[in-house]
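Undergrad: Got a file for you: input.pdb, PDB, C-alpha atoms.
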```
MODEL        1
ATOM      1  CA  MET S   1      51.619  82.110 -47.044
ATOM      2  CA  ASP S   2      51.532  85.887 -47.298
ATOM      3  CA  THR S   3      53.747  87.476 -44.626
ATOM      4  CA  LEU S   4      51.058  89.899 -43.461
ATOM      5  CA  LEU S   5      48.510  87.100 -43.146
ATOM      6  CA  ALA S   6      50.998  85.046 -41.137
ATOM      7  CA  MET S   7      51.546  88.040 -38.859
ATOM      8  CA  ALA S   8      47.787  88.474 -38.442
ATOM      9  CA  ILE S   9      47.422  84.803 -37.516
ATOM     10  CA  ASP S  10      50.252  85.184 -35.003
ATOM     11  CA  LEU S  11      48.542  88.260 -33.542
ATOM     12  CA  ALA S  12      45.242  86.371 -33.298
ATOM     13  CA  THR S  13      46.981  83.488 -31.538
ATOM     14  CA  GLN S  14      48.601  85.889 -29.078
ATOM     15  CA  LEU S  15      45.253  87.591 -28.554
ATOM     16  CA  GLN S  16      43.692  84.260 -27.577
ATOM     17  CA  ALA S  17      46.375  83.847 -24.903
ATOM     18  CA  ASP S  18      45.900  87.379 -23.537
ATOM     19  CA  PRO S  19      44.342  87.454 -20.054
ATOM     20  CA  ARG S  20      41.580  89.767 -21.318
ATOM     21  CA  CYS S  21      40.537  87.227 -23.937
ATOM     22  CA  GLU S  22      40.797  84.387 -21.449
ATOM     23  CA  ALA S  23      38.604  86.381 -19.040
ATOM     24  CA  VAL S  24      35.916  86.794 -21.715
ATOM     25  CA  LEU S  25      35.977  83.079 -22.519
ATOM     26  CA  ALA S  26      35.729  82.182 -18.830
ATOM     27  CA  ALA S  27      32.919  84.682 -18.242
ATOM     28  CA  THR S  28      31.065  83.356 -21.296
ATOM     29  CA  LYS S  29      31.309  79.803 -20.008
ATOM     30  CA  ALA S  30      30.177  80.858 -16.534
ATOM     31  CA  ALA S  31      27.177  82.693 -18.004
ATOM     32  CA  ASP S  32      26.342  79.783 -20.308
ATOM     33  CA  ASP S  33      26.494  77.345 -17.385
ATOM     34  CA  ASP S  34      24.265  79.445 -15.117
ATOM     35  CA  ALA S  35      20.747  77.983 -15.295
ATOM     36  CA  THR S  36      19.079  81.052 -13.796
ATOM     37  CA  LEU S  37      20.713  83.405 -16.265
ATOM     38  CA  GLN S  38      19.897  81.135 -19.200
ATOM     39  CA  GLU S  39      16.267  80.974 -18.057
ATOM     40  CA  LEU S  40      16.134  84.785 -17.954
ATOM     41  CA  ILE S  41      17.653  84.997 -21.436
ATOM     42  CA  SER S  42      15.107  82.484 -22.734
ATOM     43  CA  GLU S  43      12.299  84.489 -21.144
ATOM     44  CA  PHE S  44      13.666  87.649 -22.777
ATOM     45  CA  ASN S  45      13.731  85.944 -26.186
ATOM     46  CA  LEU S  46      10.180  84.674 -25.740
ATOM     47  CA  LYS S  47       9.012  88.196 -24.887
ATOM     48  CA  ARG S  48      10.678  89.519 -28.061
ATOM     49  CA  ILE S  49       8.908  86.851 -30.112
ATOM     50  CA  ALA S  50       5.593  87.722 -28.469
ATOM     51  CA  ILE S  51       6.110  91.407 -29.282
ATOM     52  CA  ASN S  52       7.007  90.635 -32.907
ATOM     53  CA  THR S  53       3.982  88.368 -33.208
ATOM     54  CA  GLU S  54       1.659  90.992 -31.751
ATOM     55  CA  GLU S  55       3.140  93.756 -33.922
ATOM     56  CA  SER S  56       2.659  91.690 -37.071
ATOM     57  CA  LYS S  57      -1.069  91.304 -36.465
ATOM     58  CA  GLU S  58      -3.355  93.568 -38.453
ATOM     59  CA  ASP S  59      -5.383  94.217 -35.332
ATOM     60  CA  SER S  60      -2.541  94.409 -32.825
ATOM     61  CA  ASP S  61      -3.539  95.563 -29.376
ATOM     62  CA  PRO S  62      -1.606  98.667 -28.256
ATOM     63  CA  ALA S  63      -2.283  97.890 -24.582
ATOM     64  CA  LYS S  64      -0.964  94.364 -24.988
ATOM     65  CA  LEU S  65       2.122  95.710 -26.785
ATOM     66  CA  ARG S  66       2.756  98.173 -23.948
ATOM     67  CA  GLN S  67       2.440  95.357 -21.401
ATOM     68  CA  LEU S  68       4.772  93.085 -23.369
ATOM     69  CA  ASN S  69       7.318  95.896 -23.743
ATOM     70  CA  GLU S  70       7.209  96.572 -19.995
ATOM     71  CA  GLU S  71       7.743  92.871 -19.324
ATOM     72  CA  LEU S  72      10.595  92.793 -21.839
ATOM     73  CA  ARG S  73      12.300  95.767 -20.158
ATOM     74  CA  SER S  74      11.898  94.129 -16.753
ATOM     75  CA  VAL S  75      13.407  90.828 -17.915
ATOM     76  CA  TYR S  76      16.205  92.705 -19.698
ATOM     77  CA  ALA S  77      17.005  94.578 -16.490
ATOM     78  CA  SER S  78      17.138  91.258 -14.621
ATOM     79  CA  VAL S  79      19.469  89.763 -17.226
ATOM     80  CA  MET S  80      21.789  92.754 -17.134
ATOM     81  CA  ALA S  81      21.794  92.873 -13.316
ATOM     82  CA  HIS S  82      22.754  89.204 -13.027
ATOM     83  CA  GLU S  83      26.269  88.925 -11.586
ATOM     84  CA  LYS S  84      27.507  86.584 -14.326
ATOM     85  CA  MET S  85      26.215  88.891 -17.054
ATOM     86  CA  MET S  86      27.861  91.866 -15.369
ATOM     87  CA  ALA S  87      31.140  89.925 -15.136
ATOM     88  CA  TYR S  88      30.874  89.050 -18.831
ATOM     89  CA  ASN S  89      30.168  92.673 -19.798
ATOM     90  CA  ASP S  90      33.109  93.934 -17.732
ATOM     91  CA  ALA S  91      35.491  91.380 -19.267
ATOM     92  CA  LYS S  92      34.167  92.069 -22.765
ATOM     93  CA  SER S  93      34.625  95.821 -22.326
ATOM     94  CA  GLU S  94      38.276  95.364 -21.384
ATOM     95  CA  LEU S  95      38.912  93.131 -24.393
ATOM     96  CA  ASP S  96      37.050  95.543 -26.682
ATOM     97  CA  VAL S  97      39.423  98.359 -25.681
ATOM     98  CA  LEU S  98      42.395  96.279 -26.822
ATOM     99  CA  VAL S  99      40.735  95.102 -30.049
ATOM    100  CA  ASN S 100      39.652  98.664 -30.881
ATOM    101  CA  LYS S 101      43.224  99.902 -30.446
ATOM    102  CA  ILE S 102      44.488  97.150 -32.754
ATOM    103  CA  HIS S 103      41.838  98.066 -35.315
ATOM    104  CA  PHE S 104      42.689 101.745 -34.942
ATOM    105  CA  ALA S 105      46.406 101.080 -35.496
ATOM    106  CA  ILE S 106      45.644  99.182 -38.698
ATOM    107  CA  ASN S 107      43.335 101.925 -39.949
ATOM    108  CA  LEU S 108      45.928 104.590 -39.192
ATOM    109  CA  ALA S 109      48.516 102.645 -41.195
ATOM    110  CA  ILE S 110      46.125 102.221 -44.114
ATOM    111  CA  GLN S 111      45.505 105.976 -44.108
ATOM    112  CA  GLY S 112      49.241 106.684 -44.178
ATOM    113  CA  GLN S 113      49.319 107.929 -40.597
ATOM    114  CA  ASP S 114      51.455 106.843 -37.670
ATOM    115  CA  PRO S 115      49.988 103.609 -36.232
ATOM    116  CA  ASN S 116      51.802 104.337 -32.953
ATOM    117  CA  LEU S 117      49.083 106.902 -32.256
ATOM    118  CA  ALA S 118      46.766 103.992 -31.427
ATOM    119  CA  ALA S 119      48.809 103.262 -28.301
ATOM    120  CA  GLN S 120      48.192 106.729 -26.878
ATOM    121  CA  GLU S 121      45.563 107.079 -24.206
ATOM    122  CA  SER S 122      42.428 108.849 -25.321
ATOM    123  CA  SER S 123      39.395 110.304 -23.644
ATOM    124  CA  CYS S 124      37.096 108.305 -25.907
ATOM    125  CA  THR S 125      33.864 107.414 -24.155
ATOM    126  CA  GLY S 126      32.833 104.915 -26.801
ATOM    127  CA  ASN S 127      29.831 107.088 -27.650
ATOM    128  CA  CYS S 128      30.512 108.620 -31.051
ATOM    129  CA  GLY S 129      27.569 110.995 -30.590
ATOM    130  CA  THR S 130      29.626 113.066 -28.134
ATOM    131  CA  CYS S 131      32.758 113.063 -30.266
ATOM    132  CA  GLY S 132      34.229 115.561 -32.676
ATOM    133  CA  GLY S 133      36.150 112.827 -34.455
ATOM    134  CA  CYS S 134      38.985 110.394 -33.959
ATOM    135  CA  HIS S 135      41.668 112.470 -35.676
TER
ENDMDL
END
```
How does the structure come out when it is put into structure tokens?
TA:
Amino acid sequence: MDTLLAMAIDLATQLQADPRCEAVLAATKAADDDATLQELISEFNLKRIAINTEESKEDSDPAKLRQLNEELRSVYASVMAHEKMMAYNDAKSELDVLVNKIHFAINLAIQGQDPNLAAQESSCTGNCGTCGGCH
């Protein structure tokens, strides 16, 4: 096996054992096992289907579309306010920071730059629209 591939597999294995990854897996299971949250997610998906169906009609009703969109936003807000969804999002955000730094280190190396720069703290907000660039 290629040495770099073996190292990547080792990194992936270590990542699975990292508490941040374990937290995401636990939060995912908790969210999946929560009947109320799953019902809200199903309702959200049904609202999306209803909107797509209405939009695809030649004679779609703008008032009905507005109502469906309001209902969709309301259900979405309920999903996102659910404690298990918030726990999942928090855990996922922490893991994403680590994965993004790993990705950044690899990209720096590929570009001939110092991959150690990825370990430095940054003021990145995650919103590229407010950023002048990563370099």
Undergrad: Might you pull out every residue within 8 Å of S:Leu108, with only C-alpha atoms counted and same-chain residues fewer than 6 positions away left off, and present them as a VMD selection string?
TA: chain S and resid 114 to 115 117 to 118
Undergrad: To one decimal place, how far is atom CA of S:Ala87 from atom CA of S:Ala23 in Å?
TA: 9.1 Å
Undergrad: Fewer than 6 positions away in the same chain doesn't count, so skip those; otherwise give me all residues within 8 Å of S:Leu72, counting all atoms listed in the file, as a PyMOL selection string.
TA: chain S and resi 44+47-48
Undergrad: Near S:Lys29, counting only C-alpha atoms, which residues have an atom at most 12 Å away, once you skip same-chain residues fewer than 3 positions from it, shown as an NGL selection string?
TA: :S and (22-26 or 32-35 or 37-38 or 84-85 or 87-88)
Undergrad: Could you write out as a VMD selection string the residues that the PyMOL selection byres ((chain S and resi 65) around 12) matches in the shown file?
TA: chain S and resid 47 to 57 59 to 64 66 to 72
Undergrad: Pull out every residue that the PyMOL selection byres ((chain S and resi 99) around 12) matches in the shown coordinates and put them as a count of residues only.
TA: 23
Undergrad: Figure out the distance between atom CA of S:Glu121 and atom CA of S:Asn107, please, to one decimal in Å.
TA: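 Atom CA of S:Glu121 lies at a distance of 16.7 Å from atom CA of S:Asn107.
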Undergrad: What separation in Å, quoted to one decimal, exists between atom CA of S:Ala91 and atom CA of S:Leu46?
TA: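 Rounded to one decimal, the two atoms are 27.0 Å apart.
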Undergrad: Go ahead and fit an axis-aligned box to every listed atom of stretch 80-86 of chain S plus 4 Å each side, and pass me the centre and edge lengths in Å, one decimal, as lines of an AutoDock Vina configuration file.
TA:
```
center_x = 24.8
center_y = 89.7
center_z = -14.4
size_x = 14.1
size_y = 14.3
size_z = 13.5
```
Undergrad: Nearest to S:Asp90 among S:Ala27, S:Ala6, S:Ile41, S:Ala17, with distances taken over only C-alpha atoms: which residue is it?
TA: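 Closest to S:Asp90 of all the choices is S:Ala27.
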Undergrad: Reconstruct N, CA, C and O atoms of stretch 7-31 of chain S from the incomplete input and present them as a PDB file, in the frame of the given file.
TA:
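Ended up saving to result23.pdb:
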```pdb
ATOM      1  N   MET S   7      51.439  87.161 -40.022  1.00  0.00           N
ATOM      2  CA  MET S   7      51.546  88.040 -38.859  1.00  0.00           C
ATOM      3  C   MET S   7      50.192  88.226 -38.187  1.00  0.00           C
ATOM      4  O   MET S   7      50.097  88.263 -36.951  1.00  0.00           O
ATOM      5  N   ALA S   8      49.134  88.324 -38.993  1.00  0.00           N
ATOM      6  CA  ALA S   8      47.787  88.474 -38.442  1.00  0.00           C
ATOM      7  C   ALA S   8      47.382  87.214 -37.667  1.00  0.00           C
ATOM      8  O   ALA S   8      46.776  87.306 -36.595  1.00  0.00           O
ATOM      9  N   ILE S   9      47.724  86.063 -38.199  1.00  0.00           N
ATOM     10  CA  ILE S   9      47.422  84.803 -37.516  1.00  0.00           C
ATOM     11  C   ILE S   9      48.209  84.725 -36.208  1.00  0.00           C
ATOM     12  O   ILE S   9      47.669  84.316 -35.170  1.00  0.00           O
ATOM     13  N   ASP S  10      49.451  85.158 -36.222  1.00  0.00           N
ATOM     14  CA  ASP S  10      50.252  85.184 -35.003  1.00  0.00           C
ATOM     15  C   ASP S  10      49.624  86.134 -33.977  1.00  0.00           C
ATOM     16  O   ASP S  10      49.514  85.800 -32.793  1.00  0.00           O
ATOM     17  N   LEU S  11      49.200  87.299 -34.430  1.00  0.00           N
ATOM     18  CA  LEU S  11      48.542  88.260 -33.542  1.00  0.00           C
ATOM     19  C   LEU S  11      47.274  87.651 -32.951  1.00  0.00           C
ATOM     20  O   LEU S  11      47.024  87.764 -31.741  1.00  0.00           O
ATOM     21  N   ALA S  12      46.482  86.990 -33.776  1.00  0.00           N
ATOM     22  CA  ALA S  12      45.242  86.371 -33.298  1.00  0.00           C
ATOM     23  C   ALA S  12      45.532  85.286 -32.260  1.00  0.00           C
ATOM     24  O   ALA S  12      44.831  85.175 -31.252  1.00  0.00           O
ATOM     25  N   THR S  13      46.583  84.532 -32.487  1.00  0.00           N
ATOM     26  CA  THR S  13      46.981  83.488 -31.538  1.00  0.00           C
ATOM     27  C   THR S  13      47.409  84.119 -30.214  1.00  0.00           C
ATOM     28  O   THR S  13      47.040  83.633 -29.133  1.00  0.00           O
ATOM     29  N   GLN S  14      48.177  85.189 -30.291  1.00  0.00           N
ATOM     30  CA  GLN S  14      48.601  85.889 -29.078  1.00  0.00           C
ATOM     31  C   GLN S  14      47.408  86.512 -28.357  1.00  0.00           C
ATOM     32  O   GLN S  14      47.356  86.530 -27.127  1.00  0.00           O
ATOM     33  N   LEU S  15      46.459  87.005 -29.134  1.00  0.00           N
ATOM     34  CA  LEU S  15      45.253  87.591 -28.554  1.00  0.00           C
ATOM     35  C   LEU S  15      44.471  86.544 -27.759  1.00  0.00           C
ATOM     36  O   LEU S  15      43.988  86.825 -26.661  1.00  0.00           O
ATOM     37  N   GLN S  16      44.388  85.333 -28.294  1.00  0.00           N
ATOM     38  CA  GLN S  16      43.692  84.260 -27.577  1.00  0.00           C
ATOM     39  C   GLN S  16      44.345  83.964 -26.234  1.00  0.00           C
ATOM     40  O   GLN S  16      43.671  83.565 -25.289  1.00  0.00           O
ATOM     41  N   ALA S  17      45.645  84.134 -26.141  1.00  0.00           N
ATOM     42  CA  ALA S  17      46.375  83.847 -24.903  1.00  0.00           C
ATOM     43  C   ALA S  17      46.390  85.036 -23.939  1.00  0.00           C
ATOM     44  O   ALA S  17      46.832  84.895 -22.802  1.00  0.00           O
ATOM     45  N   ASP S  18      45.921  86.185 -24.378  1.00  0.00           N
ATOM     46  CA  ASP S  18      45.900  87.379 -23.537  1.00  0.00           C
ATOM     47  C   ASP S  18      44.905  87.182 -22.390  1.00  0.00           C
ATOM     48  O   ASP S  18      43.813  86.631 -22.599  1.00  0.00           O
ATOM     49  N   PRO S  19      45.245  87.621 -21.197  1.00  0.00           N
ATOM     50  CA  PRO S  19      44.342  87.454 -20.054  1.00  0.00           C
ATOM     51  C   PRO S  19      42.963  88.071 -20.269  1.00  0.00           C
ATOM     52  O   PRO S  19      41.960  87.557 -19.766  1.00  0.00           O
ATOM     53  N   ARG S  20      42.881  89.146 -21.053  1.00  0.00           N
ATOM     54  CA  ARG S  20      41.580  89.767 -21.318  1.00  0.00           C
ATOM     55  C   ARG S  20      40.696  88.854 -22.149  1.00  0.00           C
ATOM     56  O   ARG S  20      39.492  88.745 -21.903  1.00  0.00           O
ATOM     57  N   CYS S  21      41.297  88.172 -23.121  1.00  0.00           N
ATOM     58  CA  CYS S  21      40.537  87.227 -23.937  1.00  0.00           C
ATOM     59  C   CYS S  21      40.147  86.011 -23.097  1.00  0.00           C
ATOM     60  O   CYS S  21      39.015  85.536 -23.166  1.00  0.00           O
ATOM     61  N   GLU S  22      41.090  85.527 -22.315  1.00  0.00           N
ATOM     62  CA  GLU S  22      40.797  84.387 -21.449  1.00  0.00           C
ATOM     63  C   GLU S  22      39.681  84.718 -20.462  1.00  0.00           C
ATOM     64  O   GLU S  22      38.826  83.878 -20.175  1.00  0.00           O
ATOM     65  N   ALA S  23      39.660  85.963 -19.967  1.00  0.00           N
ATOM     66  CA  ALA S  23      38.604  86.381 -19.040  1.00  0.00           C
ATOM     67  C   ALA S  23      37.236  86.369 -19.723  1.00  0.00           C
ATOM     68  O   ALA S  23      36.234  85.957 -19.119  1.00  0.00           O
ATOM     69  N   VAL S  24      37.185  86.807 -20.980  1.00  0.00           N
ATOM     70  CA  VAL S  24      35.916  86.794 -21.715  1.00  0.00           C
ATOM     71  C   VAL S  24      35.438  85.352 -21.923  1.00  0.00           C
ATOM     72  O   VAL S  24      34.261  85.048 -21.728  1.00  0.00           O
ATOM     73  N   LEU S  25      36.357  84.480 -22.309  1.00  0.00           N
ATOM     74  CA  LEU S  25      35.977  83.079 -22.519  1.00  0.00           C
ATOM     75  C   LEU S  25      35.486  82.440 -21.225  1.00  0.00           C
ATOM     76  O   LEU S  25      34.483  81.712 -21.230  1.00  0.00           O
ATOM     77  N   ALA S  26      36.148  82.737 -20.124  1.00  0.00           N
ATOM     78  CA  ALA S  26      35.729  82.182 -18.830  1.00  0.00           C
ATOM     79  C   ALA S  26      34.375  82.752 -18.404  1.00  0.00           C
ATOM     80  O   ALA S  26      33.510  82.014 -17.916  1.00  0.00           O
ATOM     81  N   ALA S  27      34.190  84.054 -18.606  1.00  0.00           N
ATOM     82  CA  ALA S  27      32.919  84.682 -18.242  1.00  0.00           C
ATOM     83  C   ALA S  27      31.783  84.172 -19.122  1.00  0.00           C
ATOM     84  O   ALA S  27      30.652  83.988 -18.650  1.00  0.00           O
ATOM     85  N   THR S  28      32.071  83.912 -20.388  1.00  0.00           N
ATOM     86  CA  THR S  28      31.065  83.356 -21.296  1.00  0.00           C
ATOM     87  C   THR S  28      30.642  81.973 -20.829  1.00  0.00           C
ATOM     88  O   THR S  28      29.446  81.672 -20.756  1.00  0.00           O
ATOM     89  N   LYS S  29      31.615  81.152 -20.481  1.00  0.00           N
ATOM     90  CA  LYS S  29      31.309  79.803 -20.008  1.00  0.00           C
ATOM     91  C   LYS S  29      30.500  79.859 -18.713  1.00  0.00           C
ATOM     92  O   LYS S  29      29.522  79.129 -18.551  1.00  0.00           O
ATOM     93  N   ALA S  30      30.900  80.732 -17.802  1.00  0.00           N
ATOM     94  CA  ALA S  30      30.177  80.858 -16.534  1.00  0.00           C
ATOM     95  C   ALA S  30      28.731  81.290 -16.770  1.00  0.00           C
ATOM     96  O   ALA S  30      27.804  80.764 -16.141  1.00  0.00           O
ATOM     97  N   ALA S  31      28.534  82.234 -17.684  1.00  0.00           N
ATOM     98  CA  ALA S  31      27.177  82.693 -18.004  1.00  0.00           C
ATOM     99  C   ALA S  31      26.376  81.590 -18.690  1.00  0.00           C
ATOM    100  O   ALA S  31      25.199  81.383 -18.388  1.00  0.00           O
TER     101      ALA S  31
END
```
